[in-house]
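Enquirer: Next comes coords_14.txt, compact mmCIF, C-alpha atoms and all ligand atoms:
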```
# COMPACT_ATOMS: atom_id res chain seq x y z
CA MET A 19 0.26 3.41 -14.02
CA THR A 20 3.16 4.02 -11.67
CA ALA A 21 5.98 1.45 -11.66
CA PRO A 22 6.40 -0.61 -8.48
CA ASP A 23 10.11 0.06 -8.07
CA LEU A 24 11.45 2.96 -6.05
CA PRO A 25 11.84 6.26 -7.91
CA ALA A 26 15.39 7.03 -9.05
CA GLU A 27 15.70 9.97 -6.61
CA LEU A 28 14.80 7.74 -3.67
CA LYS A 29 17.13 4.93 -4.74
CA ALA A 30 19.97 7.43 -5.06
CA ALA A 31 19.18 8.93 -1.63
CA LEU A 32 19.19 5.48 -0.01
CA GLU A 33 22.47 4.53 -1.70
CA ALA A 34 24.02 7.81 -0.56
CA ARG A 35 22.81 7.20 3.00
CA LEU A 36 24.56 3.79 2.94
CA GLN A 37 27.95 5.25 2.05
CA GLY A 38 30.41 4.59 4.84
CA VAL A 39 27.96 2.44 6.80
CA SER A 40 28.79 -1.21 7.43
CA ARG A 41 26.43 -3.37 5.35
CA ASN A 42 26.92 -6.21 7.81
CA GLU A 43 25.74 -4.02 10.67
CA VAL A 44 22.73 -2.84 8.67
CA ALA A 45 21.95 -6.46 7.71
CA ALA A 46 22.14 -7.53 11.37
CA ARG A 47 19.79 -4.70 12.39
CA ALA A 48 17.42 -5.56 9.54
CA ALA A 49 17.31 -9.21 10.67
CA LEU A 50 16.46 -8.11 14.21
CA ILE A 51 13.72 -5.74 13.02
CA SER A 52 12.25 -8.45 10.75
CA LYS A 53 12.26 -10.92 13.63
CA THR A 54 10.42 -8.39 15.81
CA TYR A 55 7.77 -8.02 13.07
CA ARG A 56 7.48 -11.81 12.67
CA ASP A 57 7.03 -12.16 16.43
CA GLY A 58 4.12 -9.72 16.28
CA GLY A 59 6.05 -6.62 17.44
CA GLY A 60 6.02 -3.28 15.65
CA SER A 61 8.35 -0.44 14.74
CA GLY A 62 9.23 0.18 18.40
CA ALA A 63 12.46 -1.77 17.76
CA ILE A 64 13.62 1.00 15.38
CA ALA A 65 15.50 3.30 17.71
CA SER A 66 18.69 4.49 16.01
CA GLU A 67 19.80 5.96 12.71
CA ALA A 68 21.18 2.54 11.69
CA ASP A 69 17.87 0.85 12.60
CA ALA A 70 15.92 3.34 10.48
CA LEU A 71 18.20 2.77 7.52
CA ALA A 72 17.94 -1.00 7.97
CA TYR A 73 14.13 -0.76 8.01
CA ALA A 74 14.14 1.40 4.89
CA LEU A 75 16.40 -0.98 2.98
CA ALA A 76 14.65 -4.14 4.11
CA ARG A 77 11.00 -3.06 3.93
CA MET A 78 10.56 0.25 2.10
CA PRO A 79 10.80 -1.22 -1.43
CA ALA A 80 8.03 -3.71 -0.63
CA THR A 81 5.71 -1.31 1.21
CA TYR A 82 6.31 1.25 -1.58
CA ALA A 83 5.30 -1.36 -4.18
CA ALA A 84 2.15 -2.26 -2.21
CA VAL A 85 1.08 1.37 -1.79
CA THR A 86 1.80 2.04 -5.46
CA ALA A 87 -0.31 -0.94 -6.56
CA SER A 88 -3.15 0.28 -4.31
CA LEU A 89 -2.90 3.84 -5.68
CA ASN A 90 -2.79 2.47 -9.24
CA ALA A 91 -6.07 0.67 -8.55
CA LEU A 92 -7.53 3.93 -7.23
CA VAL A 93 -6.35 5.90 -10.26
CA GLY A 94 -7.77 3.21 -12.54
CA ILE A 95 -11.19 3.60 -10.99
CA ALA A 96 -11.15 7.37 -10.37
CA PRO A 97 -8.92 8.79 -13.12
CA GLU A 98 -10.26 12.30 -12.53
CA PHE A 99 -9.14 12.35 -8.87
CA ALA A 100 -6.46 15.04 -8.54
CA PRO A 101 -5.65 15.53 -4.85
CA LYS A 102 -3.73 18.66 -3.87
CA SER A 103 -2.95 17.67 -0.28
CA LEU A 104 -1.74 14.44 1.32
CA LEU A 105 -1.71 13.32 4.93
CA ASP A 106 0.58 10.30 5.45
CA VAL A 107 -0.16 8.83 8.89
CA GLY A 108 2.41 6.45 10.40
CA ALA A 109 4.64 7.73 7.60
CA GLY A 110 7.86 6.07 8.79
CA PRO A 111 10.56 6.80 6.19
CA GLY A 112 7.99 8.54 3.98
CA THR A 113 7.11 5.55 1.80
CA ALA A 114 3.49 6.44 1.01
CA SER A 115 4.37 10.08 0.37
CA TRP A 116 6.92 9.03 -2.28
CA ALA A 117 4.36 6.67 -3.83
CA ALA A 118 1.60 9.30 -3.82
CA ALA A 119 3.92 11.91 -5.32
CA GLU A 120 4.57 9.53 -8.23
CA ALA A 121 0.88 8.62 -8.63
CA PHE A 122 -0.50 12.18 -8.43
CA ALA A 123 1.27 15.03 -10.18
CA SER A 124 -1.46 17.25 -8.68
CA LEU A 125 -0.15 16.90 -5.09
CA GLN A 126 1.25 20.14 -3.75
CA SER A 127 1.34 19.69 0.00
CA PHE A 128 2.60 16.68 1.94
CA THR A 129 2.08 16.30 5.69
CA LEU A 130 3.62 13.29 7.39
CA LEU A 131 2.96 12.14 10.95
CA ASP A 132 4.80 9.50 12.97
CA ALA A 133 5.87 8.83 16.53
CA ASN A 134 9.31 7.48 15.63
CA ALA A 135 12.10 10.09 15.75
CA ALA A 136 14.69 7.93 13.92
CA LEU A 137 12.34 7.22 11.00
CA ARG A 138 11.34 10.88 10.84
CA ALA A 139 15.01 11.95 10.64
CA LEU A 140 15.67 9.44 7.85
CA ALA A 141 12.53 10.50 5.94
CA LEU A 142 13.59 14.15 6.00
CA ASP A 143 17.08 13.20 4.90
CA LEU A 144 15.75 11.11 1.98
CA ALA A 145 13.27 13.81 0.95
CA ARG A 146 15.88 16.56 0.92
CA GLY A 147 17.05 15.62 -2.58
CA SER A 148 13.55 15.28 -4.02
CA THR A 149 12.01 17.99 -6.18
CA ARG A 150 8.51 17.14 -4.98
CA LEU A 151 9.15 16.27 -1.33
CA ARG A 152 11.88 18.60 -0.14
CA ASP A 153 9.34 20.91 1.56
CA VAL A 154 7.27 18.28 3.37
CA SER A 155 5.97 18.99 6.83
CA TYR A 156 6.78 16.04 9.11
CA VAL A 157 5.11 16.13 12.52
CA GLN A 158 6.55 13.88 15.21
CA GLY A 159 3.93 12.54 17.59
CA ALA A 160 1.41 9.86 18.43
CA ALA A 161 -1.18 9.50 15.68
CA ARG A 162 -4.31 10.35 17.64
CA ALA A 163 -2.90 13.41 19.39
CA GLY A 164 -1.05 14.56 16.27
CA LEU A 165 -4.06 14.18 14.00
CA ALA A 166 -6.21 16.30 16.27
CA ASP A 167 -4.06 19.32 15.42
CA LEU A 168 -3.74 18.69 11.68
CA GLU A 169 -5.92 19.98 8.87
CA ALA A 170 -7.89 17.57 6.71
CA ALA A 171 -6.33 16.54 3.38
CA ASP A 172 -7.74 15.48 0.00
CA LEU A 173 -5.95 12.13 0.29
CA VAL A 174 -5.12 10.41 3.58
CA VAL A 175 -2.94 7.29 3.59
CA ALA A 176 -2.16 4.91 6.47
CA SER A 177 0.25 2.33 5.13
CA TYR A 178 1.30 -0.69 7.21
CA MET A 179 0.30 1.32 10.24
CA ILE A 180 -3.08 0.46 11.78
CA GLY A 181 -1.76 -3.00 12.75
CA GLU A 182 0.65 -1.31 15.13
CA VAL A 183 -2.18 0.28 17.08
CA SER A 184 -3.96 -1.75 19.78
CA GLU A 185 -7.33 -3.19 18.87
CA ALA A 186 -8.93 -1.08 21.58
CA GLU A 187 -7.59 2.10 20.01
CA ARG A 188 -7.89 1.16 16.33
CA GLY A 189 -11.56 2.01 15.84
CA ALA A 190 -11.06 5.52 17.23
CA LEU A 191 -7.97 6.03 15.06
CA VAL A 192 -9.77 4.87 11.90
CA ALA A 193 -12.70 7.21 12.70
CA GLN A 194 -10.23 10.06 13.14
CA LEU A 195 -8.47 9.24 9.85
CA TRP A 196 -11.87 9.56 8.18
CA THR A 197 -12.62 12.94 9.78
CA LYS A 198 -9.31 14.17 8.32
CA THR A 199 -10.22 12.90 4.83
CA ARG A 200 -11.67 15.45 2.41
CA ASP A 201 -12.00 13.00 -0.47
CA THR A 202 -10.24 9.62 -0.23
CA LEU A 203 -8.77 7.50 2.55
CA MET A 204 -6.42 4.68 1.60
CA ILE A 205 -5.50 2.04 4.18
CA VAL A 206 -2.87 -0.56 3.23
CA GLU A 207 -1.91 -3.55 5.36
CA PRO A 208 0.18 -6.72 5.01
CA GLY A 209 -1.68 -9.32 2.92
CA THR A 210 -2.04 -11.77 5.80
CA PRO A 211 -5.42 -12.97 7.10
CA ALA A 212 -4.95 -10.65 10.11
CA GLY A 213 -4.03 -7.66 7.90
CA ALA A 214 -7.02 -8.30 5.63
CA GLU A 215 -9.29 -8.60 8.67
CA ARG A 216 -8.17 -5.15 9.86
CA ILE A 217 -8.99 -3.77 6.40
CA ILE A 218 -12.43 -5.42 6.40
CA ALA A 219 -13.20 -4.13 9.91
CA SER A 220 -12.13 -0.57 9.00
CA ARG A 221 -14.15 -0.79 5.76
CA ARG A 222 -17.25 -1.95 7.66
CA GLN A 223 -16.85 0.78 10.27
CA LEU A 224 -16.45 3.59 7.75
CA ILE A 225 -19.24 2.42 5.41
CA ALA A 226 -21.49 2.64 8.49
CA ALA A 227 -20.17 6.21 8.89
CA GLY A 228 -21.15 7.09 5.30
CA ALA A 229 -18.03 6.15 3.29
CA HIS A 230 -18.13 4.45 -0.12
CA VAL A 231 -15.62 1.90 -1.39
CA ALA A 232 -13.67 2.95 -4.49
CA ALA A 233 -11.35 -0.08 -4.57
CA PRO A 234 -10.86 -2.98 -4.46
CA CYS A 235 -14.55 -3.85 -3.84
CA PRO A 236 -17.22 -3.20 -6.48
CA HIS A 237 -19.86 -2.76 -3.76
CA ASP A 238 -20.40 -1.36 -0.26
CA GLY A 239 -21.94 -4.59 1.02
CA ALA A 240 -20.42 -7.19 3.34
CA CYS A 241 -17.24 -8.88 2.09
CA PRO A 242 -18.31 -12.17 0.45
CA LEU A 243 -15.07 -13.99 1.33
CA SER A 244 -14.96 -16.19 4.38
CA PRO A 245 -12.07 -18.02 6.10
CA PRO A 246 -9.83 -19.72 5.16
CA ASP A 247 -10.08 -17.36 2.15
CA TRP A 248 -9.16 -13.70 2.57
CA CYS A 249 -8.97 -10.66 0.29
CA HIS A 250 -5.40 -9.84 -0.65
CA PHE A 251 -3.25 -9.02 -3.63
CA THR A 252 0.37 -9.38 -4.61
CA GLN A 253 2.93 -7.11 -6.21
CA ARG A 254 6.26 -8.20 -7.68
CA LEU A 255 9.13 -5.79 -7.19
CA PRO A 256 12.75 -5.77 -8.20
CA ARG A 257 15.35 -5.97 -5.44
CA LEU A 258 18.07 -3.34 -5.25
CA ARG A 259 21.60 -4.59 -4.76
CA ALA A 260 21.72 -3.11 -1.26
CA HIS A 261 18.29 -4.57 -0.54
CA LYS A 262 19.56 -8.07 -1.48
CA GLN A 263 22.65 -7.64 0.69
CA VAL A 264 20.66 -6.42 3.66
CA LYS A 265 18.14 -9.25 3.35
CA GLY A 266 20.75 -11.86 2.51
CA ALA A 267 18.52 -12.73 -0.46
CA GLU A 268 19.51 -14.16 -3.84
CA LEU A 269 16.44 -13.68 -6.02
CA PRO A 270 16.39 -10.43 -8.04
CA PHE A 271 12.74 -9.84 -7.10
CA GLU A 272 10.25 -10.41 -4.32
CA ASP A 273 6.47 -10.68 -4.16
CA GLU A 274 4.76 -8.53 -1.57
CA LYS A 275 1.33 -9.61 -0.43
CA PHE A 276 -0.90 -6.77 0.68
CA ALA A 277 -4.50 -5.86 1.45
CA TYR A 278 -6.02 -2.42 0.98
CA VAL A 279 -9.15 -0.34 0.82
CA ALA A 280 -9.78 3.07 -0.72
CA LEU A 281 -12.82 4.84 0.72
CA THR A 282 -14.36 7.97 -0.75
CA ARG A 283 -16.82 10.62 0.43
CA ALA A 284 -18.85 10.47 -2.80
CA PRO A 285 -19.86 7.20 -4.48
CA LEU A 286 -18.09 6.45 -7.77
CA ALA A 287 -20.10 5.87 -10.94
CA ARG A 288 -17.98 2.93 -12.18
CA ARG A 289 -17.95 -0.29 -10.18
CA PRO A 290 -16.11 -2.93 -12.17
CA SER A 291 -15.47 -6.41 -10.82
CA ARG A 292 -12.13 -7.22 -9.18
CA VAL A 293 -9.95 -10.22 -10.06
CA LEU A 294 -9.23 -11.97 -6.74
CA ALA A 295 -6.56 -14.51 -7.79
CA GLN A 296 -4.35 -15.15 -10.79
CA PRO A 297 -6.76 -16.45 -13.48
CA ASP A 298 -6.29 -19.91 -14.86
CA VAL A 299 -5.75 -19.81 -18.63
CA SER A 300 -6.31 -22.98 -20.65
CA LYS A 301 -6.84 -23.62 -24.36
CA VAL A 302 -10.54 -24.07 -23.65
CA GLU A 303 -11.33 -21.16 -21.34
CA VAL A 304 -10.12 -18.57 -18.88
CA THR A 305 -11.34 -19.21 -15.34
CA ALA A 306 -11.22 -16.21 -13.04
CA LYS A 307 -12.34 -15.65 -9.47
CA LEU A 308 -14.10 -12.30 -9.40
CA CYS A 309 -15.62 -10.08 -6.74
CA THR A 310 -18.63 -8.54 -8.50
CA ALA A 311 -21.38 -6.10 -7.54
CA GLY A 312 -23.53 -9.18 -6.89
CA GLY A 313 -20.97 -11.15 -4.86
CA LEU A 314 -18.34 -13.79 -5.65
CA ASN A 315 -18.35 -15.30 -9.12
CA VAL A 316 -16.06 -17.78 -10.84
CA ALA A 317 -16.21 -16.50 -14.42
CA ARG A 318 -15.52 -18.90 -17.30
CA ILE A 319 -14.75 -17.20 -20.59
CA ALA A 320 -14.76 -19.75 -23.39
CA ARG A 321 -12.25 -19.62 -26.20
CA ARG A 322 -15.04 -19.55 -28.75
CA ALA A 323 -16.05 -16.10 -27.40
CA LYS A 324 -12.97 -14.83 -29.23
CA ALA A 325 -12.76 -11.15 -28.22
CA ALA A 326 -13.81 -11.78 -24.59
CA TYR A 327 -11.33 -14.70 -24.31
CA ALA A 328 -8.51 -12.59 -25.75
CA ALA A 329 -9.28 -9.83 -23.22
CA ALA A 330 -9.58 -12.27 -20.29
CA ARG A 331 -6.20 -13.84 -21.13
CA ARG A 332 -4.63 -10.51 -20.16
CA TRP A 333 -6.36 -10.29 -16.76
CA ARG A 334 -4.08 -10.24 -13.77
CA TRP A 335 -4.77 -10.72 -10.08
CA GLY A 336 -5.94 -7.33 -8.73
CA ASP A 337 -7.25 -5.97 -12.06
CA ALA A 338 -10.61 -4.22 -12.35
CA VAL A 339 -12.60 -5.83 -15.18
CA GLU A 340 -15.98 -5.20 -16.81
CA GLU A 341 -17.30 -8.71 -16.30
CA GLY A 342 -19.71 -10.07 -13.76
C1 LIG B 401 5.57 -0.62 9.57
S1 LIG B 401 5.89 1.08 9.68
C2 LIG B 401 5.23 1.66 8.13
C3 LIG B 401 5.88 2.91 7.67
C4 LIG B 401 5.40 3.41 6.32
N1 LIG B 401 4.03 3.88 6.37
C5 LIG B 401 5.57 2.35 5.26
O1 LIG B 401 4.56 1.93 4.69
O2 LIG B 401 6.70 1.96 4.99
C6 LIG B 401 4.67 1.65 10.82
C7 LIG B 401 4.85 3.11 11.22
O3 LIG B 401 3.75 3.52 11.98
C8 LIG B 401 4.22 4.30 13.07
N2 LIG B 401 3.25 4.22 14.16
C9 LIG B 401 2.72 3.09 14.70
N3 LIG B 401 1.83 3.43 15.65
C10 LIG B 401 1.82 4.78 15.72
C11 LIG B 401 1.09 5.72 16.49
N4 LIG B 401 0.21 5.34 17.41
N5 LIG B 401 1.31 7.02 16.29
C12 LIG B 401 2.20 7.44 15.35
N6 LIG B 401 2.91 6.60 14.58
C13 LIG B 401 2.72 5.29 14.75
C14 LIG B 401 5.55 3.66 13.44
O4 LIG B 401 6.38 4.55 14.16
C15 LIG B 401 6.09 3.32 12.06
O5 LIG B 401 6.86 4.36 11.52
```
Any chance you could give the structure as structure tokens?
Ligand SMILES: C[S@@+](CC[C@H](N)C(=O)[O-])C[C@H]1O[C@@H](n2cnc3c(N)ncnc32)[C@H](O)[C@@H]1O
Expert:
Amino acid sequence: MTAPDLPAELKAALEARLQGVSRNEVAARAALISKTYRDGGGSGAIASEADALAYALARMPATYAAVTASLNALVGIAPEFAPKSLLDVGAGPGTASWAAAEAFASLQSFTLLDANAALRALALDLARGSTRLRDVSYVQGAARAGLADLEAADLVVASYMIGEVSEAERGALVAQLWTKTRDTLMIVEPGTPAGAERIIASRRQLIAAGAHVAAPCPHDGACPLSPPDWCHFTQRLPRLRAHKQVKGAELPFEDEKFAYVALTRAPLARRPSRVLAQPDVSKVEVTAKLCTAGGLNVARIARRAKAAYAAARRWRWGDAVEEG
């Protein structure tokens, strides 16, 4: 399991990048970028070096933690998966590439693609000091045109990206991501109802195109959740000092809500159930909301079933468990 906090090399690179830069200015830029996101805008507001750094400090720790949690779920279910090549689409400051490098020692080649010149420049600067990432290839361009010229990779990741593409274009982009996937495609989105809906729509589209779900779902059928419920998970992450300053936040941690799907070319043999909310533990029983191969199930594991109760007490939201 990879830890949710940024790797030491990345933290050091971010700190170094901040030297001599006014934290107040970066905080002001970060506030503006966050407001643009809240108002439904995208990364278009990130235009300068200072903007890119502000984005990285304000959002990269959280998106890194979400991608890491998603990759941990994939590794848990497919421990033999050892990708050699990665394609990181909408790579921004390189978040998913850093997370994948930590999750898979097998990765040898990293190709990043993004339209944003300022984020690309920052990503290359951050990667320069990394043993694994210093030789990345980072293509600047629009996703659809850029992807057409790139080779397929064992693992393709689109993290916090497909929501920035218009609905009209999204289906074609998702189809193209799949054509560039040799083994596994991972899509990660914010854990909002809208983010989860984009994940469900992409999942549905690619299952129809022959994909299989590796995680989080234990089946390739229709999602059994219906509004106001939605499939999402949460990851707690520590806040760096600079991160707290830039966000004007006091708490030493934050919880990032995210939604994800990992789709594979070949079906996986193991299909454990997924814990869909933090289980309720009482002295009488553990009550857990599970997505199982047969649909939604609220499992009740009584204390008198000693071993099963002891195991269920350790379940956490997002875990894969052998219980239906
Ligand atoms: C919210 S950022 C996420 C960055 C990174 N993947 C992460 O998880 O931190 C979205 C990124 O997608 C890129 N992007 C959005 N639409 C794009 C498109 N059509 N072509 C290329 N890049 C795009 C933006 O430039 C931005 O860097």
Enquirer: Can you work out the spacing between atom CA of Ala317 of chain A and atom CA of Arg331 of chain A in Å, to one decimal?
Expert: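 According to the coordinates, atom CA of Ala317 of chain A and atom CA of Arg331 of chain A are separated by 12.3 Å.
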Enquirer: Counting only C-alpha atoms and all ligand atoms, which protein, DNA or RNA residues come within 8 Å of ligand LIG 401 (chain B), given as a PDB file with C-alpha atoms, keeping the file's coordinate frame?
Expert:
```pdb
ATOM      1  CA  GLY A  60       6.020  -3.280  15.650  1.00  0.00           C
ATOM      2  CA  SER A  61       8.350  -0.440  14.740  1.00  0.00           C
ATOM      3  CA  GLY A  62       9.230   0.180  18.400  1.00  0.00           C
ATOM      4  CA  ALA A  74      14.140   1.400   4.890  1.00  0.00           C
ATOM      5  CA  ARG A  77      11.000  -3.060   3.930  1.00  0.00           C
ATOM      6  CA  MET A  78      10.560   0.250   2.100  1.00  0.00           C
ATOM      7  CA  THR A  81       5.710  -1.310   1.210  1.00  0.00           C
ATOM      8  CA  TYR A  82       6.310   1.250  -1.580  1.00  0.00           C
ATOM      9  CA  VAL A  85       1.080   1.370  -1.790  1.00  0.00           C
ATOM     10  CA  ASP A 106       0.580  10.300   5.450  1.00  0.00           C
ATOM     11  CA  VAL A 107      -0.160   8.830   8.890  1.00  0.00           C
ATOM     12  CA  GLY A 108       2.410   6.450  10.400  1.00  0.00           C
ATOM     13  CA  ALA A 109       4.640   7.730   7.600  1.00  0.00           C
ATOM     14  CA  GLY A 110       7.860   6.070   8.790  1.00  0.00           C
ATOM     15  CA  PRO A 111      10.560   6.800   6.190  1.00  0.00           C
ATOM     16  CA  GLY A 112       7.990   8.540   3.980  1.00  0.00           C
ATOM     17  CA  THR A 113       7.110   5.550   1.800  1.00  0.00           C
ATOM     18  CA  ALA A 114       3.490   6.440   1.010  1.00  0.00           C
ATOM     19  CA  LEU A 131       2.960  12.140  10.950  1.00  0.00           C
ATOM     20  CA  ASP A 132       4.800   9.500  12.970  1.00  0.00           C
ATOM     21  CA  ALA A 133       5.870   8.830  16.530  1.00  0.00           C
ATOM     22  CA  ASN A 134       9.310   7.480  15.630  1.00  0.00           C
ATOM     23  CA  LEU A 137      12.340   7.220  11.000  1.00  0.00           C
ATOM     24  CA  ARG A 138      11.340  10.880  10.840  1.00  0.00           C
ATOM     25  CA  GLN A 158       6.550  13.880  15.210  1.00  0.00           C
ATOM     26  CA  GLY A 159       3.930  12.540  17.590  1.00  0.00           C
ATOM     27  CA  ALA A 160       1.410   9.860  18.430  1.00  0.00           C
ATOM     28  CA  ALA A 161      -1.180   9.500  15.680  1.00  0.00           C
ATOM     29  CA  ARG A 162      -4.310  10.350  17.640  1.00  0.00           C
ATOM     30  CA  GLY A 164      -1.050  14.560  16.270  1.00  0.00           C
ATOM     31  CA  ALA A 176      -2.160   4.910   6.470  1.00  0.00           C
ATOM     32  CA  SER A 177       0.250   2.330   5.130  1.00  0.00           C
ATOM     33  CA  TYR A 178       1.300  -0.690   7.210  1.00  0.00           C
ATOM     34  CA  MET A 179       0.300   1.320  10.240  1.00  0.00           C
ATOM     35  CA  ILE A 180      -3.080   0.460  11.780  1.00  0.00           C
ATOM     36  CA  GLY A 181      -1.760  -3.000  12.750  1.00  0.00           C
ATOM     37  CA  GLU A 182       0.650  -1.310  15.130  1.00  0.00           C
ATOM     38  CA  VAL A 183      -2.180   0.280  17.080  1.00  0.00           C
ATOM     39  CA  VAL A 206      -2.870  -0.560   3.230  1.00  0.00           C
TER      40      VAL A 206
END
```
Enquirer: Please identify all polymer residues within 12 Å of Glu215 of chain A, counting all atoms listed in the file, omitting same-chain residues fewer than 5 positions from it, and present them as a list in words.
Expert: Ile180, Gly181, Glu185, Val206, Glu207, Pro208, Gly209, Thr210, Ser220, Arg221, Arg222, Cys241, Leu243, Ser244, Pro245, Pro246, Asp247, Trp248, Cys249, His250, Phe276, Ala277, Tyr278 and Val279 of chain A
Enquirer: Enclose segment 155-160 of chain A, meaning all of its atoms listed in the file, in a box aligned along x, y and z, pad it by 5 Å on each side, and list the centre and edge lengths in Å to one decimal, as JSON.
Expert:
```
{"center_x": 4.1, "center_y": 14.4, "center_z": 12.6, "size_x": 15.4, "size_y": 19.1, "size_z": 21.6}
```
Enquirer: Using all atoms listed in the file, can you tell me which of A:Leu89, A:Ala96, A:Met19, A:Ala72 comes closest to Asn42 of chain A?
Expert: A:Ala72
Enquirer: Write out as a list in words which residues come within 6 Å of Pro290 of chain A when counting all atoms listed in the file, dropping same-chain ones fewer than 4 positions away.
Expert: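 Contacts, with the query itself left out: Pro236, Ala338, Val339 and Glu340 of chain A.
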Enquirer: Go through A:Ala214, A:Ala119, A:Val154, A:Leu104 one by one, measure the shortest atom-to-atom distance of each to Asp201 of chain A using all atoms listed in the file, and give the residue with the smallest value.
Expert: A:Leu104
Enquirer: Tell me which protein, DNA and RNA residues are within 9 Å of Ala311 of chain A, counting only C-alpha atoms, leaving out same-chain ones fewer than 4 positions away, and put them as a list in words.
Expert: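 The residues that qualify are Cys235, Pro236, His237, Asp238, Gly239, Arg289, Pro290, Ser291 and Gly342 of chain A.
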Enquirer: Report, in Å to a single decimal, how far apart atom CA of Asn315 of chain A and atom CA of Ala328 of chain A are.
Expert: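 It comes out at 19.5 Å.
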Enquirer: Select, from A:Leu191, A:Val175, A:Val44, A:Ala170, the residue with the minimum atom-to-atom distance to Asp69 of chain A, counting all atoms listed in the file.
Expert: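 Checking each candidate against Asp69 of chain A, we get A:Val44 as the closest.
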Enquirer: Quick one: distance from atom CA of Glu120 of chain A to atom CA of Ala232 of chain A in Å, one decimal?
Expert: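 Distance between the two atoms: 19.7 Å.
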Enquirer: Can you pull out every residue within 12 Å of segment 144-147 of chain A, counting all atoms listed in the file, but drop anything in the same chain fewer than 5 positions away, and send it as JSON, numbers by chain?
Expert: {"A": [25, 26, 27, 28, 29, 30, 31, 32, 33, 34, 35, 36, 70, 71, 74, 110, 111, 112, 113, 115, 116, 119, 128, 130, 137, 138, 139, 152, 153, 154, 155, 156]}
Enquirer: Can you tell me which residues surround Ala330 of chain A at a distance of at most 9 Å, considering all atoms listed in the file, apart from same-chain residues fewer than 3 positions away, and format the answer as a list of chain:residue names?
Expert: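 Residues meeting the cut-off are A:Pro297, A:Val299, A:Val304, A:Thr305, A:Ala306, A:Ile319, A:Ala325, A:Ala326, A:Tyr327, A:Trp333, A:Arg334, A:Val339.
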Enquirer: Calculated over all atoms listed in the file, which of the candidates A:Leu281, A:Val93, A:Ala260, A:Ala320 has the smallest distance to Pro79 of chain A?
Expert: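 Of the candidates, the smallest distance to Pro79 of chain A is held by A:Ala260.
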Enquirer: Would you list the residues near (2.4, 21.2, -4.0) (no more than 9 Å away, in the coordinates of the file, using only C-alpha atoms) as a list of chain:residue names?
Expert: A:Lys102, A:Ser103, A:Ala123, A:Ser124, A:Leu125, A:Gln126, A:Ser127, A:Phe128, A:Arg150, A:Leu151, A:Asp153
Enquirer: For Leu24 of chain A, which residue out of A:Ala229, A:Pro234, A:Ala186, A:Arg257 is the nearest one, using all atoms listed in the file?
Expert: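 Looking at the shortest contact to Leu24 of chain A, the residue is A:Arg257.
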Enquirer: Between A:Leu294, A:Leu269, A:Ile225, A:Ala280, which is the closest to Thr310 of chain A once you count all atoms listed in the file?
Expert: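 Under the stated criterion, the closest residue is A:Leu294.
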Enquirer: Can you spit out segment 176-184 of chain A with N, CA, C and O atoms, as a PDB file, in the first residue's frame, from the structure just given?
Expert:
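Writing the result to part.pdb gives the following:
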```pdb
ATOM      1  N   ALA A 176      -6.391   9.088 -16.245  1.00  0.00           N
ATOM      2  CA  ALA A 176      -6.941  10.443 -16.449  1.00  0.00           C
ATOM      3  C   ALA A 176      -7.472  10.869 -15.092  1.00  0.00           C
ATOM      4  O   ALA A 176      -8.500  10.370 -14.628  1.00  0.00           O
ATOM      5  N   SER A 177      -6.743  11.753 -14.440  1.00  0.00           N
ATOM      6  CA  SER A 177      -7.091  12.113 -13.066  1.00  0.00           C
ATOM      7  C   SER A 177      -7.605  13.547 -13.010  1.00  0.00           C
ATOM      8  O   SER A 177      -6.923  14.478 -13.470  1.00  0.00           O
ATOM      9  N   TYR A 178      -8.820  13.702 -12.506  1.00  0.00           N
ATOM     10  CA  TYR A 178      -9.468  15.017 -12.382  1.00  0.00           C
ATOM     11  C   TYR A 178      -9.407  15.751 -13.721  1.00  0.00           C
ATOM     12  O   TYR A 178      -9.098  16.937 -13.777  1.00  0.00           O
ATOM     13  N   MET A 179      -9.660  15.023 -14.774  1.00  0.00           N
ATOM     14  CA  MET A 179      -9.496  15.590 -16.112  1.00  0.00           C
ATOM     15  C   MET A 179     -10.756  15.539 -16.960  1.00  0.00           C
ATOM     16  O   MET A 179     -11.097  16.555 -17.600  1.00  0.00           O
ATOM     17  N   ILE A 180     -11.477  14.411 -16.975  1.00  0.00           N
ATOM     18  CA  ILE A 180     -12.566  14.300 -17.973  1.00  0.00           C
ATOM     19  C   ILE A 180     -13.687  15.311 -17.705  1.00  0.00           C
ATOM     20  O   ILE A 180     -14.431  15.645 -18.606  1.00  0.00           O
ATOM     21  N   GLY A 181     -13.750  15.826 -16.464  1.00  0.00           N
ATOM     22  CA  GLY A 181     -14.760  16.840 -16.137  1.00  0.00           C
ATOM     23  C   GLY A 181     -14.463  18.182 -16.788  1.00  0.00           C
ATOM     24  O   GLY A 181     -15.317  19.052 -16.828  1.00  0.00           O
ATOM     25  N   GLU A 182     -13.243  18.338 -17.280  1.00  0.00           N
ATOM     26  CA  GLU A 182     -12.889  19.610 -17.932  1.00  0.00           C
ATOM     27  C   GLU A 182     -13.164  19.573 -19.430  1.00  0.00           C
ATOM     28  O   GLU A 182     -12.925  20.555 -20.131  1.00  0.00           O
ATOM     29  N   VAL A 183     -13.637  18.433 -19.900  1.00  0.00           N
ATOM     30  CA  VAL A 183     -13.928  18.282 -21.324  1.00  0.00           C
ATOM     31  C   VAL A 183     -15.442  18.368 -21.491  1.00  0.00           C
ATOM     32  O   VAL A 183     -16.185  17.841 -20.657  1.00  0.00           O
ATOM     33  N   SER A 184     -15.903  19.034 -22.552  1.00  0.00           N
ATOM     34  CA  SER A 184     -17.353  19.217 -22.725  1.00  0.00           C
ATOM     35  C   SER A 184     -18.041  17.856 -22.845  1.00  0.00           C
ATOM     36  O   SER A 184     -17.435  16.871 -23.285  1.00  0.00           O
TER      37      SER A 184
END
```
